[in-house]
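In what follows, a structure is listed as structure tokens, so that the remarks can point back to it.
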Amino acid sequence: MTDTLKKDIRDLSLAELKSYLVSIKEKPFRAQQIFDWIYKKGAVSFDELLNLPQPLKDRLSADFLFEPINIATELTSEDGTRKFLFDLTDAQQVDSVLIPTKGRTTACISTQVGSKFGCRFCASGIGGWKRNLTPAEILAQVLHVRKESSDGRILSHIVFMGIGEPLDNYDNLIRAVDLINGKEAMELGARKITVSTSGVVPKIKMLAAQNVQLELAISLHGYDNPSRNVLMPVNKKYPIEELMSACREYVANKKRVITFEYIMIKGVTVTPAAPAALKKLFNGIKCKMNLIPYNKVDEFAHECPSVKEMTAFRDALEKLGIHATMRTPRGRDVGAACGQLRHVHGKK
Ligand code: SAH
């Protein structure tokens, strides 16, 4: 097999690995052994699958890739947030962020190289979209961050809020999530995994029907069509009413609260009209709001409101009965904060 046709071993589910093993006349129980090495013990090469017979290791490395993690740059913020810039095999790059906070350790993971969505405040979309990440590339980030977080801290949460639109790479995302969540692999509870989307309505509906209890976060960033259109071109394709109806479906099917992320930009999203309009938009949906102070991206002329204005905005929402918390930006000094990931320390 030529390398370009080969899959990475982490692209396979346990069932697929078992049927491969049967096809080469090996015992299917070896599949779980291989999974234990990769997903439980953190092996990063075929050589590290220690209790496997050498001929099987040789056969595996002839038939599959096990791409090593290549870290181009690693930066640590003064708040302890760490950003890893990965070199992919085709010279593309993506970042992952390790965020240690009180009581939790979160990995922020990328799902695509670049983004097609062109949100007019986000650095990830500036260079356009290059390609989807494979399940193995998504998992390699998670495994690496988990390894790096092991100094007394255990990786407790994963947020798909790195570069790219997770729901625009749906199949690979679900494959990766199955292995992050599955007992046979990393065993991280589905409720500790958050998928954040700019609002790809058909895929939200698909996720609502999927048999996994993921946390869903919607990048709302507007309170009606005109305000959302200003920042998010995706709203032209999937207007806010359709988005809200998909959200209602998700909440109904999963019996889960949905999170609306809301970027705070002076005069654009933080306006006197916004709180009441949001109340009307939500119309009783079980939700909470995560207010994100706008992180400066040079290409856009927006401004973050003052702390006083942001607090007043949150208070106005709370007064209307909307549960809203303000996110503290982490890793700003190393370009690791929300929407800042764009390889500024690597290649452009
Ligand atoms: N494409 C997905 C996930 C990646 S963005 C999505 O749109 O949700 C992750 C979060 O960072 C989103 O809520 C996004 O709107 C927010 N974000 C992007 N740029 C930002 C910026 N400059 N300041 C603050 N938050 C930003």
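Going through the structure tokens in order, the chains are called A, B, and so on, while each chain numbers its residues from 1 and the ligands are numbered from 1 in the order shown.
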
- Task: Find the residues near ligand 1. Use a cut-off of 7 Å, count only C-alpha atoms and all ligand atoms, and write them as JSON, numbers by chain.
- Result: {"A": [121, 122, 123, 160, 161, 162, 163, 164, 165, 166, 196, 197, 198, 217, 218, 219, 261, 262, 263, 292, 293, 294, 295, 296, 297, 338, 339, 340]}

- Task: Please give the complete set of residues from range 49-298 of chain A that DSSP, run on the backbone, assigns to strand (DSSP E), formatted as a VMD selection string.
- Result: chain A and resid 70 to 76 82 to 87 93 to 101 104 to 108 112 to 114 129 to 132 157 to 160 193 to 197 215 to 219 258 to 264 287 to 293

Could you pull the residues within 9 Å of range 264-268 of chain A, counting only C-alpha atoms, minus those fewer than 6 positions along the same chain, as a PDB file with all heavy atoms, in the first residue's frame?
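Below you can see around-v3.pdb, which holds the result:
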ATOM      1  N   HIS A 221     -23.971  35.423  18.760  1.00  0.00           N
ATOM      2  CA  HIS A 221     -23.363  36.687  18.338  1.00  0.00           C
ATOM      3  C   HIS A 221     -24.306  37.659  17.629  1.00  0.00           C
ATOM      4  O   HIS A 221     -23.874  38.464  16.799  1.00  0.00           O
ATOM      5  CB  HIS A 221     -22.138  36.445  17.457  1.00  0.00           C
ATOM      6  CG  HIS A 221     -21.146  35.459  18.024  1.00  0.00           C
ATOM      7  ND1 HIS A 221     -21.005  35.240  19.365  1.00  0.00           N
ATOM      8  CD2 HIS A 221     -20.251  34.650  17.418  1.00  0.00           C
ATOM      9  CE1 HIS A 221     -20.069  34.317  19.571  1.00  0.00           C
ATOM     10  NE2 HIS A 221     -19.609  33.938  18.405  1.00  0.00           N
ATOM     11  N   GLY A 222     -25.571  37.555  17.930  1.00  0.00           N
ATOM     12  CA  GLY A 222     -26.532  38.499  17.359  1.00  0.00           C
ATOM     13  C   GLY A 222     -27.870  38.202  17.986  1.00  0.00           C
ATOM     14  O   GLY A 222     -28.061  37.118  18.541  1.00  0.00           O
ATOM     15  N   SER A 227     -28.664  41.917  13.014  1.00  0.00           N
ATOM     16  CA  SER A 227     -27.462  42.021  13.865  1.00  0.00           C
ATOM     17  C   SER A 227     -26.544  40.823  13.652  1.00  0.00           C
ATOM     18  O   SER A 227     -25.328  40.939  13.693  1.00  0.00           O
ATOM     19  CB  SER A 227     -27.847  42.174  15.341  1.00  0.00           C
ATOM     20  OG  SER A 227     -28.503  41.023  15.810  1.00  0.00           O
ATOM     21  N   VAL A 230     -24.413  40.925  10.280  1.00  0.00           N
ATOM     22  CA  VAL A 230     -23.249  41.808  10.275  1.00  0.00           C
ATOM     23  C   VAL A 230     -21.969  41.021  10.559  1.00  0.00           C
ATOM     24  O   VAL A 230     -20.923  41.255   9.955  1.00  0.00           O
ATOM     25  CB  VAL A 230     -23.414  42.913  11.358  1.00  0.00           C
ATOM     26  CG1 VAL A 230     -22.144  43.718  11.534  1.00  0.00           C
ATOM     27  CG2 VAL A 230     -24.582  43.806  11.020  1.00  0.00           C
ATOM     28  N   LEU A 231     -22.072  40.067  11.479  1.00  0.00           N
ATOM     29  CA  LEU A 231     -20.859  39.374  11.922  1.00  0.00           C
ATOM     30  C   LEU A 231     -20.700  37.979  11.332  1.00  0.00           C
ATOM     31  O   LEU A 231     -19.588  37.470  11.220  1.00  0.00           O
ATOM     32  CB  LEU A 231     -20.872  39.245  13.455  1.00  0.00           C
ATOM     33  CG  LEU A 231     -20.803  40.541  14.257  1.00  0.00           C
ATOM     34  CD1 LEU A 231     -20.903  40.228  15.745  1.00  0.00           C
ATOM     35  CD2 LEU A 231     -19.498  41.297  13.978  1.00  0.00           C
ATOM     36  N   LEU A 291     -20.971  34.851  27.860  1.00  0.00           N
ATOM     37  CA  LEU A 291     -20.594  36.128  27.243  1.00  0.00           C
ATOM     38  C   LEU A 291     -19.074  36.179  27.086  1.00  0.00           C
ATOM     39  O   LEU A 291     -18.341  36.028  28.064  1.00  0.00           O
ATOM     40  CB  LEU A 291     -21.073  37.281  28.124  1.00  0.00           C
ATOM     41  CG  LEU A 291     -22.580  37.287  28.443  1.00  0.00           C
ATOM     42  CD1 LEU A 291     -22.920  38.371  29.451  1.00  0.00           C
ATOM     43  CD2 LEU A 291     -23.406  37.468  27.178  1.00  0.00           C
ATOM     44  N   ILE A 292     -18.628  36.361  25.853  1.00  0.00           N
ATOM     45  CA  ILE A 292     -17.177  36.359  25.595  1.00  0.00           C
ATOM     46  C   ILE A 292     -16.722  37.771  25.231  1.00  0.00           C
ATOM     47  O   ILE A 292     -17.150  38.317  24.216  1.00  0.00           O
ATOM     48  CB  ILE A 292     -16.808  35.432  24.401  1.00  0.00           C
ATOM     49  CG1 ILE A 292     -17.570  34.103  24.469  1.00  0.00           C
ATOM     50  CG2 ILE A 292     -15.312  35.215  24.319  1.00  0.00           C
ATOM     51  CD1 ILE A 292     -17.384  33.230  23.235  1.00  0.00           C
ATOM     52  N   PRO A 293     -15.843  38.360  26.055  1.00  0.00           N
ATOM     53  CA  PRO A 293     -15.297  39.661  25.663  1.00  0.00           C
ATOM     54  C   PRO A 293     -14.555  39.504  24.331  1.00  0.00           C
ATOM     55  O   PRO A 293     -13.830  38.536  24.136  1.00  0.00           O
ATOM     56  CB  PRO A 293     -14.309  39.989  26.789  1.00  0.00           C
ATOM     57  CG  PRO A 293     -14.689  39.095  27.928  1.00  0.00           C
ATOM     58  CD  PRO A 293     -15.293  37.865  27.321  1.00  0.00           C
ATOM     59  N   TYR A 294     -14.773  40.413  23.419  1.00  0.00           N
ATOM     60  CA  TYR A 294     -14.106  40.346  22.111  1.00  0.00           C
ATOM     61  C   TYR A 294     -12.591  40.414  22.299  1.00  0.00           C
ATOM     62  O   TYR A 294     -12.071  41.337  22.922  1.00  0.00           O
ATOM     63  CB  TYR A 294     -14.602  41.503  21.234  1.00  0.00           C
ATOM     64  CG  TYR A 294     -13.786  41.726  19.990  1.00  0.00           C
ATOM     65  CD1 TYR A 294     -13.700  40.736  19.015  1.00  0.00           C
ATOM     66  CD2 TYR A 294     -13.094  42.928  19.782  1.00  0.00           C
ATOM     67  CE1 TYR A 294     -12.943  40.927  17.872  1.00  0.00           C
ATOM     68  CE2 TYR A 294     -12.339  43.127  18.636  1.00  0.00           C
ATOM     69  CZ  TYR A 294     -12.265  42.123  17.691  1.00  0.00           C
ATOM     70  OH  TYR A 294     -11.507  42.304  16.563  1.00  0.00           O
ATOM     71  N   HIS A 302     -13.381  46.147  15.327  1.00  0.00           N
ATOM     72  CA  HIS A 302     -14.252  46.140  16.508  1.00  0.00           C
ATOM     73  C   HIS A 302     -13.517  46.536  17.785  1.00  0.00           C
ATOM     74  O   HIS A 302     -12.301  46.455  17.868  1.00  0.00           O
ATOM     75  CB  HIS A 302     -14.810  44.738  16.744  1.00  0.00           C
ATOM     76  CG  HIS A 302     -15.487  44.158  15.567  1.00  0.00           C
ATOM     77  ND1 HIS A 302     -16.503  44.793  14.917  1.00  0.00           N
ATOM     78  CD2 HIS A 302     -15.292  42.981  14.920  1.00  0.00           C
ATOM     79  CE1 HIS A 302     -16.914  44.024  13.926  1.00  0.00           C
ATOM     80  NE2 HIS A 302     -16.183  42.935  13.888  1.00  0.00           N
ATOM     81  N   GLU A 303     -14.362  46.878  18.760  1.00  0.00           N
ATOM     82  CA  GLU A 303     -13.810  47.205  20.077  1.00  0.00           C
ATOM     83  C   GLU A 303     -14.541  46.423  21.154  1.00  0.00           C
ATOM     84  O   GLU A 303     -15.772  46.235  21.062  1.00  0.00           O
ATOM     85  CB  GLU A 303     -14.072  48.679  20.364  1.00  0.00           C
ATOM     86  CG  GLU A 303     -12.881  49.579  20.162  1.00  0.00           C
ATOM     87  CD  GLU A 303     -13.287  50.988  20.526  1.00  0.00           C
ATOM     88  OE1 GLU A 303     -13.344  51.297  21.727  1.00  0.00           O
ATOM     89  OE2 GLU A 303     -13.584  51.755  19.582  1.00  0.00           O
ATOM     90  N   CYS A 304     -13.807  46.013  22.133  1.00  0.00           N
ATOM     91  CA  CYS A 304     -14.418  45.333  23.274  1.00  0.00           C
ATOM     92  C   CYS A 304     -15.006  46.406  24.204  1.00  0.00           C
ATOM     93  O   CYS A 304     -14.348  47.408  24.467  1.00  0.00           O
ATOM     94  CB  CYS A 304     -13.341  44.524  23.991  1.00  0.00           C
ATOM     95  SG  CYS A 304     -13.979  43.533  25.333  1.00  0.00           S
ATOM     96  N   PRO A 305     -16.216  46.224  24.689  1.00  0.00           N
ATOM     97  CA  PRO A 305     -16.763  47.224  25.621  1.00  0.00           C
ATOM     98  C   PRO A 305     -15.937  47.278  26.907  1.00  0.00           C
ATOM     99  O   PRO A 305     -15.141  46.368  27.168  1.00  0.00           O
ATOM    100  CB  PRO A 305     -18.172  46.683  25.917  1.00  0.00           C
ATOM    101  CG  PRO A 305     -18.449  45.619  24.907  1.00  0.00           C
ATOM    102  CD  PRO A 305     -17.129  45.093  24.452  1.00  0.00           C
ATOM    103  N   SER A 306     -16.161  48.320  27.706  1.00  0.00           N
ATOM    104  CA  SER A 306     -15.455  48.404  28.986  1.00  0.00           C
ATOM    105  C   SER A 306     -16.024  47.350  29.937  1.00  0.00           C
ATOM    106  O   SER A 306     -17.135  46.842  29.726  1.00  0.00           O
ATOM    107  CB  SER A 306     -15.646  49.795  29.598  1.00  0.00           C
ATOM    108  OG  SER A 306     -17.007  49.937  29.968  1.00  0.00           O
ATOM    109  N   GLU A 309     -19.371  48.316  31.082  1.00  0.00           N
ATOM    110  CA  GLU A 309     -20.442  48.088  30.099  1.00  0.00           C
ATOM    111  C   GLU A 309     -20.802  46.601  29.990  1.00  0.00           C
ATOM    112  O   GLU A 309     -21.976  46.234  29.878  1.00  0.00           O
ATOM    113  CB  GLU A 309     -20.004  48.597  28.713  1.00  0.00           C
ATOM    114  CG  GLU A 309     -20.001  50.110  28.591  1.00  0.00           C
ATOM    115  CD  GLU A 309     -19.178  50.612  27.392  1.00  0.00           C
ATOM    116  OE1 GLU A 309     -18.166  49.976  27.017  1.00  0.00           O
ATOM    117  OE2 GLU A 309     -19.571  51.653  26.837  1.00  0.00           O
ATOM    118  N   MET A 310     -19.758  45.765  30.052  1.00  0.00           N
ATOM    119  CA  MET A 310     -20.024  44.327  29.924  1.00  0.00           C
ATOM    120  C   MET A 310     -20.783  43.802  31.139  1.00  0.00           C
ATOM    121  O   MET A 310     -21.691  42.987  31.016  1.00  0.00           O
ATOM    122  CB  MET A 310     -18.710  43.556  29.738  1.00  0.00           C
ATOM    123  CG  MET A 310     -18.062  43.840  28.385  1.00  0.00           C
ATOM    124  SD  MET A 310     -16.720  42.711  27.981  1.00  0.00           S
ATOM    125  CE  MET A 310     -15.441  43.215  29.096  1.00  0.00           C
TER     126      MET A 310
END

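The two atoms in question, CA of Ser23 in chain A and CA of Pro55 in chain A, are spaced 15.3 Å apart.
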
List as a short mmCIF file (atom, residue, chain, number, x, y, z; two decimals) with C-alpha atoms, in the first residue's frame the protein and nucleic acid residues near Asn283 in chain A, meaning an atom at most 10 Å away when only C-alpha atoms are counted, but skip any in the same chain fewer than 5 places from it.
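Here's the written file around10.cif:
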data_model
loop_
_atom_site.label_atom_id
_atom_site.label_comp_id
_atom_site.auth_asym_id
_atom_site.auth_seq_id
_atom_site.Cartn_x
_atom_site.Cartn_y
_atom_site.Cartn_z
CA MET A 244 -33.41 28.53 17.05
CA ALA A 277 -34.47 40.99 21.85
CA LEU A 278 -32.56 37.99 23.21
#

- Task: List the neighbours of Val234 in chain A out to 10 Å using only C-alpha atoms; skip same-chain residues closer than 4 positions along the sequence, and give me the result as number ranges by chain.
- Result: A: 116-119, 198-201, 228-229, 238-240

Please, could you write that set of residues out with all heavy atoms as a compact mmCIF listing (two decimals), in the first residue's frame?
# COMPACT_ATOMS: atom_id res chain seq x y z
N LYS A 116 -14.30 28.03 6.54
CA LYS A 116 -15.02 28.59 5.38
C LYS A 116 -15.99 29.68 5.80
O LYS A 116 -16.63 30.27 4.97
CB LYS A 116 -15.91 27.49 4.77
CG LYS A 116 -15.21 26.33 4.17
CD LYS A 116 -16.28 25.30 3.76
CE LYS A 116 -15.61 23.98 3.46
NZ LYS A 116 -16.54 22.85 3.44
N PHE A 117 -16.17 29.88 7.09
CA PHE A 117 -17.33 30.60 7.56
C PHE A 117 -17.17 32.12 7.62
O PHE A 117 -18.14 32.84 7.66
CB PHE A 117 -17.81 30.00 8.88
CG PHE A 117 -18.47 28.66 8.62
CD1 PHE A 117 -17.70 27.55 8.31
CD2 PHE A 117 -19.84 28.55 8.59
CE1 PHE A 117 -18.30 26.33 8.01
CE2 PHE A 117 -20.45 27.34 8.28
CZ PHE A 117 -19.67 26.23 7.99
N GLY A 118 -15.92 32.56 7.62
CA GLY A 118 -15.65 33.99 7.48
C GLY A 118 -16.31 34.90 8.50
O GLY A 118 -16.74 36.01 8.14
N CYS A 119 -16.43 34.46 9.75
CA CYS A 119 -17.02 35.33 10.78
C CYS A 119 -16.16 36.58 10.90
O CYS A 119 -14.93 36.49 10.96
CB CYS A 119 -17.10 34.59 12.12
SG CYS A 119 -18.19 33.16 12.07
N SER A 198 -21.00 27.52 14.56
CA SER A 198 -21.44 28.84 14.10
C SER A 198 -22.91 28.79 13.66
O SER A 198 -23.49 29.82 13.34
CB SER A 198 -20.56 29.30 12.94
OG SER A 198 -20.62 28.34 11.90
N GLY A 199 -23.48 27.58 13.63
CA GLY A 199 -24.91 27.48 13.31
C GLY A 199 -25.21 26.75 12.01
O GLY A 199 -25.99 27.24 11.19
N VAL A 200 -24.61 25.57 11.83
CA VAL A 200 -24.85 24.77 10.64
C VAL A 200 -26.10 23.92 10.91
O VAL A 200 -26.02 22.80 11.42
CB VAL A 200 -23.63 23.87 10.31
CG1 VAL A 200 -23.80 23.18 8.97
CG2 VAL A 200 -22.34 24.71 10.32
N VAL A 201 -27.24 24.49 10.57
CA VAL A 201 -28.53 23.94 11.01
C VAL A 201 -28.74 22.45 10.70
O VAL A 201 -29.09 21.68 11.60
CB VAL A 201 -29.68 24.84 10.48
CG1 VAL A 201 -31.03 24.15 10.61
CG2 VAL A 201 -29.67 26.16 11.24
N ARG A 228 -27.12 39.66 13.40
CA ARG A 228 -26.28 38.46 13.20
C ARG A 228 -25.62 38.49 11.82
O ARG A 228 -24.48 38.04 11.65
CB ARG A 228 -27.12 37.21 13.39
CG ARG A 228 -26.30 35.97 13.68
CD ARG A 228 -27.11 34.84 14.27
NE ARG A 228 -26.21 33.77 14.71
CZ ARG A 228 -25.92 32.70 13.99
NH1 ARG A 228 -26.47 32.52 12.81
NH2 ARG A 228 -25.07 31.80 14.45
N ASN A 229 -26.34 39.03 10.83
CA ASN A 229 -25.78 39.10 9.47
C ASN A 229 -24.50 39.93 9.41
O ASN A 229 -23.62 39.67 8.60
CB ASN A 229 -26.79 39.74 8.51
CG ASN A 229 -27.90 38.78 8.12
OD1 ASN A 229 -27.73 37.56 8.27
ND2 ASN A 229 -29.01 39.30 7.64
N TYR A 238 -28.47 30.09 6.93
CA TYR A 238 -29.35 29.52 7.96
C TYR A 238 -29.77 30.63 8.91
O TYR A 238 -29.11 30.88 9.93
CB TYR A 238 -28.61 28.42 8.74
CG TYR A 238 -28.05 27.32 7.87
CD1 TYR A 238 -26.68 27.11 7.78
CD2 TYR A 238 -28.91 26.51 7.11
CE1 TYR A 238 -26.16 26.10 6.97
CE2 TYR A 238 -28.40 25.52 6.29
CZ TYR A 238 -27.03 25.32 6.23
OH TYR A 238 -26.52 24.33 5.44
N PRO A 239 -30.88 31.31 8.58
CA PRO A 239 -31.31 32.44 9.39
C PRO A 239 -31.63 32.06 10.84
O PRO A 239 -31.84 30.89 11.14
CB PRO A 239 -32.58 32.94 8.68
CG PRO A 239 -32.63 32.24 7.38
CD PRO A 239 -31.74 31.06 7.44
N ILE A 240 -31.68 33.07 11.67
CA ILE A 240 -31.75 32.86 13.12
C ILE A 240 -32.98 32.05 13.55
O ILE A 240 -32.89 31.25 14.48
CB ILE A 240 -31.65 34.24 13.84
CG1 ILE A 240 -31.05 34.09 15.23
CG2 ILE A 240 -32.98 34.97 13.85
CD1 ILE A 240 -30.49 35.38 15.81

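Counting only C-alpha atoms, range 28-32 of chain A has the following residues at most 8 Å away, ignoring those fewer than 3 positions along the same chain: Leu14, Leu17, Lys18, Ser19, Leu21, Val22, Phe35, Asp36, Leu52 and Glu184 of chain A.
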
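If you count only C-alpha atoms and ignore residues fewer than 2 places along the chain from Lys192 in chain A, what sits within 10 Å of it is Thr106, Ser156, His157, Ile158, Val159, Asn181, Leu188, Gly189, Ala190, Thr194, Gln213, Leu214 and Glu215 of chain A.
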
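In this comparison, which uses only C-alpha atoms, the residue of A:Asp298, A:Glu74, A:Glu318, A:Asp333 approaching Ile126 in chain A most closely is A:Asp298.
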
- To one decimal in Å, tell me the separation between CA of Lys237 in chain A and CA of Tyr223 in chain A. 16.4 Å

- Residue among A:Leu65, A:Leu5, A:Val257, A:Asp11 lying closest to Val177 in chain A, counting only C-alpha atoms: A:Asp11

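Ranking A:Ile193, A:Val334, A:Ala136, A:Ile38 by their shortest atom-to-atom distance to Gly80 in chain A, with only C-alpha atoms included, puts A:Val334 first.
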
- Write out as a ChimeraX atom specification all residues of range 119-208 of chain A that backbone DSSP assigns to alpha helix (DSSP H). /A:135-148,170-181,201-208

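Put simply, CA of Lys319 in chain A is 26.5 Å away from CA of Glu249 in chain A.
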
- Using only C-alpha atoms: which of A:Ser115, A:Arg82, A:Arg248, A:Arg10 has the shortest distance to Asp178 in chain A: A:Arg10
